[in-house]
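Okay, my_file17.cif now, which holds mmCIF, C-alpha atoms:
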```cif
data_entry
#
loop_
_atom_site.label_atom_id
_atom_site.label_comp_id
_atom_site.auth_asym_id
_atom_site.auth_seq_id
_atom_site.Cartn_x
_atom_site.Cartn_y
_atom_site.Cartn_z
CA MET A 15 102.04 52.52 83.47
CA ARG A 16 102.71 49.21 81.77
CA VAL A 17 100.65 48.84 78.62
CA ASP A 18 100.01 45.16 79.29
CA LEU A 19 97.93 46.14 82.33
CA PHE A 20 95.26 47.20 79.82
CA ASP A 21 95.13 43.87 78.00
CA PHE A 22 92.20 41.46 78.09
CA ASP A 23 90.97 38.46 76.12
CA LEU A 24 88.16 39.17 73.66
CA PRO A 25 86.44 36.35 71.78
CA PRO A 26 86.35 37.08 68.02
CA GLU A 27 82.60 36.51 67.97
CA SER A 28 82.17 39.55 70.26
CA ILE A 29 83.21 41.92 67.46
CA ALA A 30 80.18 43.48 65.75
CA LEU A 31 80.25 43.48 61.94
CA ARG A 32 76.91 45.31 61.55
CA PRO A 33 75.11 47.85 63.74
CA ALA A 34 71.95 47.14 65.69
CA ARG A 35 68.71 47.96 63.90
CA PRO A 36 67.14 50.27 64.82
CA ARG A 37 70.21 52.03 66.09
CA ASP A 38 68.85 52.72 69.57
CA ALA A 39 68.07 49.01 70.06
CA ALA A 40 71.73 48.43 70.93
CA GLN A 41 72.49 47.23 74.45
CA MET A 42 73.80 49.77 76.96
CA LEU A 43 75.69 48.83 80.10
CA VAL A 44 75.16 51.52 82.75
CA VAL A 45 77.99 51.90 85.25
CA ASP A 46 77.14 54.51 87.89
CA GLY A 47 79.81 55.08 90.54
CA GLN A 48 80.68 51.93 92.45
CA GLY A 49 77.15 50.51 92.35
CA PRO A 50 76.01 47.38 90.52
CA PHE A 51 75.96 47.32 86.73
CA SER A 52 72.66 47.79 84.93
CA ASP A 53 71.96 46.00 81.64
CA ARG A 54 69.78 48.27 79.54
CA HIS A 55 69.34 49.50 75.96
CA VAL A 56 70.30 52.79 74.35
CA ARG A 57 66.63 53.70 73.98
CA ASP A 58 66.48 53.67 77.83
CA LEU A 59 68.95 56.57 78.00
CA PRO A 60 66.35 59.23 79.02
CA GLY A 61 65.68 57.27 82.20
CA ALA A 62 69.38 56.83 82.95
CA LEU A 63 70.11 60.57 82.98
CA ARG A 64 68.69 63.56 84.87
CA ALA A 65 66.77 66.60 83.69
CA GLY A 66 69.31 69.36 83.17
CA ASP A 67 72.02 67.04 81.89
CA VAL A 68 73.50 67.82 78.47
CA LEU A 69 74.87 65.33 75.97
CA VAL A 70 77.81 66.62 73.92
CA PHE A 71 78.05 65.19 70.40
CA ASN A 72 80.74 65.32 67.72
CA ASP A 73 79.33 66.64 64.43
CA THR A 74 82.22 65.49 62.23
CA ARG A 75 81.33 63.72 58.99
CA VAL A 76 83.27 60.73 57.68
CA ILE A 77 84.71 61.20 54.21
CA PRO A 78 85.48 58.31 51.77
CA ALA A 79 89.13 58.49 52.70
CA GLN A 80 90.42 55.12 51.52
CA LEU A 81 91.99 55.04 48.08
CA GLU A 82 93.49 52.28 45.94
CA GLY A 83 95.95 53.37 43.26
CA ILE A 84 99.11 52.53 41.37
CA ARG A 85 102.58 53.99 40.93
CA GLY A 86 104.10 52.32 37.93
CA GLU A 87 103.61 48.58 38.51
CA ALA A 88 103.18 48.93 42.28
CA LYS A 89 99.77 48.88 43.96
CA ILE A 90 99.45 51.65 46.51
CA GLY A 91 96.76 51.90 49.19
CA ALA A 92 96.23 55.20 51.00
CA THR A 93 94.11 56.10 54.01
CA LEU A 94 93.94 59.86 54.50
CA HIS A 95 94.00 60.75 58.18
CA LYS A 96 94.78 64.45 58.62
CA ARG A 97 94.27 67.48 56.43
CA ILE A 98 97.33 69.71 56.05
CA ASP A 99 95.87 72.37 53.77
CA LEU A 100 93.43 72.74 50.88
CA ARG A 101 95.12 70.17 48.62
CA ARG A 102 97.45 68.21 50.89
CA TRP A 103 96.63 65.39 53.29
CA GLN A 104 98.77 63.19 55.49
CA ALA A 105 98.05 59.54 54.72
CA PHE A 106 98.96 56.09 55.95
CA VAL A 107 100.18 54.26 52.87
CA ARG A 108 100.20 50.54 52.18
CA ASN A 109 103.26 49.55 50.14
CA GLY A 110 104.69 52.98 50.93
CA LYS A 111 108.24 51.69 50.64
CA ARG A 112 107.67 51.58 46.89
CA LEU A 113 107.28 55.37 46.86
CA LYS A 114 109.86 58.10 46.71
CA ALA A 115 109.37 61.85 46.97
CA GLY A 116 107.96 63.26 43.74
CA ASP A 117 106.23 60.07 42.60
CA VAL A 118 102.73 60.47 41.17
CA VAL A 119 100.12 57.98 42.39
CA THR A 120 97.16 57.37 40.06
CA PHE A 121 93.82 56.57 41.63
CA PRO A 122 90.49 55.74 39.93
CA ALA A 123 88.36 58.38 38.16
CA GLU A 124 91.44 60.29 36.94
CA VAL A 125 92.42 61.34 40.48
CA THR A 126 96.17 61.77 40.99
CA ALA A 127 98.39 62.83 43.88
CA VAL A 128 102.08 63.58 44.31
CA ALA A 129 103.89 61.81 47.16
CA GLU A 130 105.66 64.81 48.64
CA GLU A 131 107.25 63.71 51.90
CA ARG A 132 107.61 60.59 54.04
CA HIS A 133 107.22 61.13 57.79
CA ASP A 134 108.90 59.39 60.72
CA ASP A 135 105.82 57.24 61.39
CA GLY A 136 105.85 55.93 57.81
CA SER A 137 102.96 58.09 56.60
CA TRP A 138 103.20 60.34 53.54
CA THR A 139 102.05 63.80 52.58
CA LEU A 140 99.95 63.46 49.43
CA ALA A 141 99.34 66.56 47.31
CA PHE A 142 96.27 66.10 45.11
CA GLN A 143 96.51 67.51 41.61
CA GLY A 144 93.89 69.61 39.82
CA ASP A 145 91.54 72.37 40.89
CA GLU A 146 88.58 70.47 42.35
CA PRO A 147 88.26 70.27 46.14
CA VAL A 148 89.82 67.10 47.52
CA GLU A 149 86.45 66.13 49.03
CA VAL A 150 84.96 66.10 45.51
CA LEU A 151 87.80 63.90 44.29
CA LEU A 152 87.26 61.49 47.16
CA GLU A 153 83.57 61.16 46.37
CA ARG A 154 84.64 59.90 42.94
CA ALA A 155 87.61 57.74 43.86
CA GLY A 156 87.42 56.85 47.54
CA ARG A 157 85.48 54.46 49.73
CA MET A 158 84.28 54.49 53.32
CA PRO A 159 87.19 53.73 55.67
CA LEU A 160 85.78 50.94 57.84
CA PRO A 161 87.95 49.97 60.82
CA PRO A 162 90.44 47.19 60.06
CA TYR A 163 88.74 44.77 62.46
CA ILE A 164 85.58 45.00 60.29
CA ALA A 165 87.16 45.48 56.87
CA GLY A 166 89.33 42.41 57.47
CA LYS A 167 86.23 40.23 57.83
CA ARG A 168 83.92 41.56 55.12
CA PRO A 169 83.98 44.05 52.22
CA THR A 170 82.61 47.57 52.52
CA ASP A 171 79.16 47.84 50.93
CA GLU A 172 76.42 50.37 50.23
CA ALA A 173 74.90 50.00 53.71
CA ASP A 174 78.12 51.27 55.30
CA ALA A 175 77.75 54.64 53.57
CA SER A 176 74.87 55.43 55.94
CA ASP A 177 75.59 53.00 58.80
CA TYR A 178 79.00 54.61 59.43
CA GLN A 179 77.65 58.17 59.70
CA THR A 180 75.97 59.60 62.77
CA MET A 181 72.74 61.59 62.54
CA PHE A 182 74.78 64.66 63.63
CA ALA A 183 77.35 64.43 60.81
CA ARG A 184 77.83 67.86 59.18
CA GLU A 185 81.48 68.93 59.15
CA LYS A 186 83.41 66.89 56.56
CA GLY A 187 86.85 65.73 57.58
CA ALA A 188 86.84 62.52 59.67
CA VAL A 189 88.26 59.23 58.47
CA ALA A 190 86.63 57.30 61.32
CA ALA A 191 83.19 57.76 62.82
CA PRO A 192 82.58 59.05 66.36
CA THR A 193 80.95 55.72 66.99
CA ALA A 194 79.22 56.37 70.33
CA ALA A 195 76.78 58.64 68.49
CA LEU A 196 75.92 55.98 65.90
CA HIS A 197 73.28 54.73 68.37
CA PHE A 198 71.16 57.88 68.26
CA THR A 199 67.93 58.33 66.29
CA PRO A 200 65.55 61.29 65.88
CA GLU A 201 63.05 59.42 68.06
CA LEU A 202 65.59 59.02 70.85
CA MET A 203 66.58 62.70 70.64
CA GLU A 204 62.90 63.67 70.93
CA ALA A 205 62.53 61.46 74.01
CA LEU A 206 65.65 62.99 75.56
CA GLY A 207 64.33 66.49 74.96
CA SER A 208 61.00 65.58 76.55
CA ALA A 209 62.91 64.36 79.62
CA GLY A 210 64.67 67.74 79.95
CA ILE A 211 68.02 66.47 78.66
CA GLY A 212 69.79 68.87 76.32
CA SER A 213 72.43 68.52 73.62
CA GLU A 214 75.37 70.45 72.20
CA THR A 215 77.80 69.77 69.37
CA LEU A 216 81.48 70.31 68.82
CA THR A 217 83.84 69.04 66.11
CA LEU A 218 86.76 66.64 66.17
CA HIS A 219 87.91 65.21 62.86
CA VAL A 220 88.77 61.67 63.88
CA GLY A 221 91.96 60.37 62.27
CA ALA A 222 93.01 56.87 61.27
CA GLY A 223 95.57 57.04 64.05
CA THR A 224 92.76 56.10 66.42
CA PHE A 225 93.17 52.49 65.18
CA LEU A 226 96.95 52.36 65.61
CA PRO A 227 98.13 49.90 68.26
CA VAL A 228 100.17 51.11 71.21
CA LYS A 229 103.59 49.66 70.46
CA ALA A 230 105.39 50.99 73.53
CA ASP A 231 105.75 48.90 76.68
CA ASP A 232 104.96 51.87 78.90
CA THR A 233 102.28 54.52 78.41
CA ALA A 234 104.87 57.25 79.03
CA GLU A 235 106.63 56.23 75.81
CA HIS A 236 103.55 56.35 73.55
CA ARG A 237 103.21 59.27 71.16
CA MET A 238 99.55 60.15 70.65
CA HIS A 239 98.29 61.10 67.18
CA ALA A 240 97.03 64.67 66.70
CA GLU A 241 93.50 65.49 65.52
CA TRP A 242 91.84 68.82 64.69
CA GLY A 243 88.97 70.00 66.85
CA ARG A 244 86.81 73.05 67.54
CA ILE A 245 84.41 74.43 70.15
CA ASP A 246 82.98 77.85 69.32
CA ALA A 247 82.58 80.58 71.93
CA ALA A 248 78.78 80.36 72.09
CA ALA A 249 78.83 76.61 72.72
CA ALA A 250 81.53 77.01 75.38
CA ASP A 251 79.40 79.63 77.17
CA ARG A 252 76.34 77.37 77.10
CA LEU A 253 78.28 74.39 78.43
CA ASN A 254 79.75 76.46 81.26
CA ALA A 255 76.24 77.67 82.12
CA VAL A 256 74.99 74.07 82.35
CA ARG A 257 77.62 73.15 84.90
CA ALA A 258 77.14 76.39 86.82
CA GLY A 259 73.44 75.53 87.08
CA GLY A 260 74.13 72.06 88.46
CA GLY A 261 73.69 70.10 85.24
CA ARG A 262 76.09 67.41 84.13
CA LEU A 263 78.01 67.28 80.86
CA ILE A 264 77.96 63.79 79.37
CA ALA A 265 80.42 63.37 76.49
CA VAL A 266 79.05 61.14 73.75
CA GLY A 267 82.22 59.40 72.69
CA THR A 268 85.88 59.71 73.53
CA THR A 269 86.28 62.20 70.66
CA SER A 270 83.92 64.71 72.29
CA LEU A 271 85.61 64.09 75.63
CA ARG A 272 89.09 64.80 74.26
CA VAL A 273 88.03 68.14 72.78
CA LEU A 274 86.25 69.18 75.97
CA GLU A 275 89.23 68.29 78.14
CA SER A 276 91.63 70.01 75.72
CA ALA A 277 89.56 73.20 75.86
CA THR A 278 89.18 73.36 79.64
CA GLY A 279 91.44 75.20 82.06
CA GLU A 280 92.52 74.00 85.48
CA ASP A 281 89.68 76.11 86.92
CA GLY A 282 87.13 73.95 85.09
CA VAL A 283 86.08 76.70 82.67
CA ILE A 284 85.58 75.56 79.07
CA LEU A 285 87.16 78.00 76.61
CA PRO A 286 86.69 78.37 72.86
CA PHE A 287 89.08 76.02 71.10
CA GLU A 288 90.28 75.50 67.55
CA GLY A 289 93.34 73.52 66.57
CA ASP A 290 95.12 70.22 67.00
CA THR A 291 94.89 68.13 70.14
CA SER A 292 97.02 65.12 70.99
CA ILE A 293 95.75 64.74 74.55
CA PHE A 294 96.53 61.27 75.95
CA ILE A 295 94.43 60.37 78.98
CA THR A 296 95.59 57.56 81.26
CA PRO A 297 94.89 56.66 84.91
CA GLY A 298 95.92 59.52 87.17
CA TYR A 299 94.46 62.17 84.88
CA ARG A 300 92.14 64.69 86.61
CA PHE A 301 89.04 65.29 84.51
CA LYS A 302 88.06 68.96 84.34
CA ALA A 303 85.14 69.25 81.92
CA ILE A 304 82.98 66.14 81.87
CA ASP A 305 80.76 64.39 84.39
CA GLY A 306 80.19 61.20 82.42
CA LEU A 307 80.85 59.41 79.15
CA MET A 308 78.78 57.36 76.76
CA THR A 309 81.08 55.15 74.71
CA ASN A 310 81.36 51.82 72.90
CA PHE A 311 83.57 48.94 74.04
CA HIS A 312 87.20 49.35 73.00
CA LEU A 313 90.19 47.29 71.92
CA PRO A 314 92.60 45.67 74.39
CA LYS A 315 95.68 47.79 75.14
CA SER A 316 94.18 50.73 73.22
CA THR A 317 94.43 54.39 74.19
CA LEU A 318 90.63 54.41 74.44
CA PHE A 319 90.53 51.61 77.02
CA MET A 320 93.19 53.55 78.91
CA LEU A 321 90.93 56.62 78.80
CA VAL A 322 87.88 54.85 80.24
CA SER A 323 90.13 53.30 82.88
CA ALA A 324 91.28 56.79 83.83
CA LEU A 325 87.65 57.84 84.25
CA MET A 326 86.35 54.84 86.20
CA GLY A 327 89.46 53.05 87.51
CA LEU A 328 91.32 50.16 85.87
CA GLU A 329 89.95 47.41 88.12
CA ARG A 330 86.42 48.72 87.69
CA MET A 331 86.73 48.74 83.90
CA GLN A 332 88.26 45.27 83.87
CA ALA A 333 85.14 44.10 85.72
CA VAL A 334 82.89 46.06 83.32
CA TYR A 335 84.45 44.44 80.27
CA ALA A 336 84.36 40.96 81.82
CA HIS A 337 80.62 41.46 82.46
CA ALA A 338 80.09 42.72 78.90
CA ILE A 339 81.87 39.74 77.34
CA GLU A 340 80.06 37.23 79.57
CA ASN A 341 76.67 38.77 78.78
CA GLY A 342 77.03 38.96 75.01
CA TYR A 343 77.66 42.66 74.48
CA ARG A 344 78.99 43.46 71.01
CA PHE A 345 82.31 45.30 70.79
CA TYR A 346 83.90 48.10 68.75
CA SER A 347 82.57 50.55 66.18
CA TYR A 348 79.29 48.81 65.27
CA GLY A 349 78.89 47.36 68.75
CA ASP A 350 76.94 48.16 71.90
CA SER A 351 77.30 51.07 74.29
CA SER A 352 78.20 51.86 77.86
CA LEU A 353 77.22 54.82 80.04
CA LEU A 354 79.97 55.61 82.53
CA ILE A 355 79.23 57.96 85.43
CA PRO A 356 82.16 58.17 87.90
#
```
Is it possible to give me this structure as structure tokens?
Amino acid sequence: MRVDLFDFDLPPESIALRPARPRDAAQMLVVDGQGPFSDRHVRDLPGALRAGDVLVFNDTRVIPAQLEGIRGEAKIGATLHKRIDLRRWQAFVRNGKRLKAGDVVTFPAEVTAVAEERHDDGSWTLAFQGDEPVEVLLERAGRMPLPPYIAGKRPTDEADASDYQTMFAREKGAVAAPTAALHFTPELMEALGSAGIGSETLTLHVGAGTFLPVKADDTAEHRMHAEWGRIDAAAADRLNAVRAGGGRLIAVGTTSLRVLESATGEDGVILPFEGDTSIFITPGYRFKAIDGLMTNFHLPKSTLFMLVSALMGLERMQAVYAHAIENGYRFYSYGDSSLLIP
């Protein structure tokens, strides 16, 4: 499909620079089948779902993956986006043309890394020196990797260290938050439990590639970035039991959805999964694992807007986004939410 079919005009003032407070006070646009839209709030979620439904969350934890360093006289910026092994990460590098293989980049707090290899997409493999875990080094030298559409308008500050983590964050490794889950609070989870709505977790370490624009003219020519994910056997069994019992699986975020769909066979059975996924979902895709999606509002011509268009239909989502813009919904990572039930 032509990528420009997924374009739309978004006023700059629609982009959220801070989250709603409290988190579950964010607006939520409920889109159920072909019926009318319902303007609600995230705290209304228990009444928008059914007893027996299960919400599937991503428990990845964002690491301070943005680094500013020098190589000689050149300033080098690095955003880690995918772990290779214990000491090596693939990173998008600003001013990367000033690097050559073997160069040592010096970051703050005596953190150094060797630029080992440049990849076809312009990223580099950085090998961190020393014996301390890379995560420890990042706590000293790195900062929270806010999306470019926020970071370009204001500096990262202390509030972002907590605002950009979900309440489910446990497994360190993401360089972008699974933002749909930023809306949840302990009080909301208690209300969901009281309404008979369950929850499960899986892991997908979100990479910085999620912010890369689609540069191809046709979706068939776009190469999707790979991210590491995992569903353990016990969780897969529980999720299969929910569906067998008539419950619905509602993915909280496109990250949870991509792992679930990657782990599911053509027969609809969710299998244990551990490894990279580069699944690219566009209209025409047949969903096998999920019955709904809770997600924020996404960028024009992005792979995520293509995904929600595959779930609900392109014309339907164009109408959804037009309604959201007209009615003051806030977009992107710190923005409002939508509940999509096909």
Taking (68.2, 49.8, 84.6) as a centre in this file's frame and 9 Å as the limit, can you find every polymer residue with an atom that close, using all atoms listed in the file, and give them as a ChimeraX atom specification? /A:43-44,51-55,58,61-62
Please produce a file of those selected residues containing C-alpha atoms, as a compact mmCIF listing (two decimals), keeping the file's coordinate frame.
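File produced: out_9.txt:
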```txt
# COMPACT_ATOMS: atom_id res chain seq x y z
CA LEU A 43 75.69 48.83 80.10
CA VAL A 44 75.16 51.52 82.75
CA PHE A 51 75.96 47.32 86.73
CA SER A 52 72.66 47.79 84.93
CA ASP A 53 71.96 46.00 81.64
CA ARG A 54 69.78 48.27 79.54
CA HIS A 55 69.34 49.50 75.96
CA ASP A 58 66.48 53.67 77.83
CA GLY A 61 65.68 57.27 82.20
CA ALA A 62 69.38 56.83 82.95
```
Among the residues A:Phe121, A:Phe182, A:Phe142, A:Phe22, the one that comes closest to Leu328 in chain A [using all atoms listed in the file]: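 Answer, going by the shortest atom-to-atom distance: A:Phe22.
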Applying the PyMOL selection byres ((chain A and resi 29) around 7) to the file I just gave you, which residues come out? Please list them as JSON, numbers by chain. {"A": [26, 27, 28, 30, 31, 344, 345, 346]}
For the selection you just gave me, I'd like the residues written to a file as a PDB file, in the frame of the given file, keeping C-alpha atoms.
```
ATOM      1  CA  PRO A  26      86.350  37.080  68.020  1.00  0.00           C
ATOM      2  CA  GLU A  27      82.600  36.510  67.970  1.00  0.00           C
ATOM      3  CA  SER A  28      82.170  39.550  70.260  1.00  0.00           C
ATOM      4  CA  ALA A  30      80.180  43.480  65.750  1.00  0.00           C
ATOM      5  CA  LEU A  31      80.250  43.480  61.940  1.00  0.00           C
ATOM      6  CA  ARG A 344      78.990  43.460  71.010  1.00  0.00           C
ATOM      7  CA  PHE A 345      82.310  45.300  70.790  1.00  0.00           C
ATOM      8  CA  TYR A 346      83.900  48.100  68.750  1.00  0.00           C
TER       9      TYR A 346
END
```
Coordinates-based distance that separates CA of Met158 in chain A from CA of Ser137 in chain A (Å, one decimal):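 For CA of Ser137 in chain A relative to CA of Met158 in chain A, the distance reads 19.3 Å.
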Once the PyMOL selection byres ((chain A and resi 151) around 10) has been evaluated on this model, what residues remain selected, and can you format them as an NGL selection string? :A and (78 or 121-126 or 142-150 or 152-156)
Can you spit out the residues from that selection as an mmCIF file, in the coordinates of the input, using C-alpha atoms?
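And here is the file that came out, part-v4.cif:
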```cif
data_model
loop_
_atom_site.group_PDB
_atom_site.id
_atom_site.type_symbol
_atom_site.label_atom_id
_atom_site.label_comp_id
_atom_site.auth_asym_id
_atom_site.auth_seq_id
_atom_site.Cartn_x
_atom_site.Cartn_y
_atom_site.Cartn_z
ATOM 1 C CA PRO A 78 85.480 58.310 51.770
ATOM 2 C CA PHE A 121 93.820 56.570 41.630
ATOM 3 C CA PRO A 122 90.490 55.740 39.930
ATOM 4 C CA ALA A 123 88.360 58.380 38.160
ATOM 5 C CA GLU A 124 91.440 60.290 36.940
ATOM 6 C CA VAL A 125 92.420 61.340 40.480
ATOM 7 C CA THR A 126 96.170 61.770 40.990
ATOM 8 C CA PHE A 142 96.270 66.100 45.110
ATOM 9 C CA GLN A 143 96.510 67.510 41.610
ATOM 10 C CA GLY A 144 93.890 69.610 39.820
ATOM 11 C CA ASP A 145 91.540 72.370 40.890
ATOM 12 C CA GLU A 146 88.580 70.470 42.350
ATOM 13 C CA PRO A 147 88.260 70.270 46.140
ATOM 14 C CA VAL A 148 89.820 67.100 47.520
ATOM 15 C CA GLU A 149 86.450 66.130 49.030
ATOM 16 C CA VAL A 150 84.960 66.100 45.510
ATOM 17 C CA LEU A 152 87.260 61.490 47.160
ATOM 18 C CA GLU A 153 83.570 61.160 46.370
ATOM 19 C CA ARG A 154 84.640 59.900 42.940
ATOM 20 C CA ALA A 155 87.610 57.740 43.860
ATOM 21 C CA GLY A 156 87.420 56.850 47.540
#
```
Of the residues A:Ser316, A:Asp67, A:Gly298, A:Gln41, which is the one nearest to Tyr343 in chain A, using all atoms listed in the file? A:Gln41
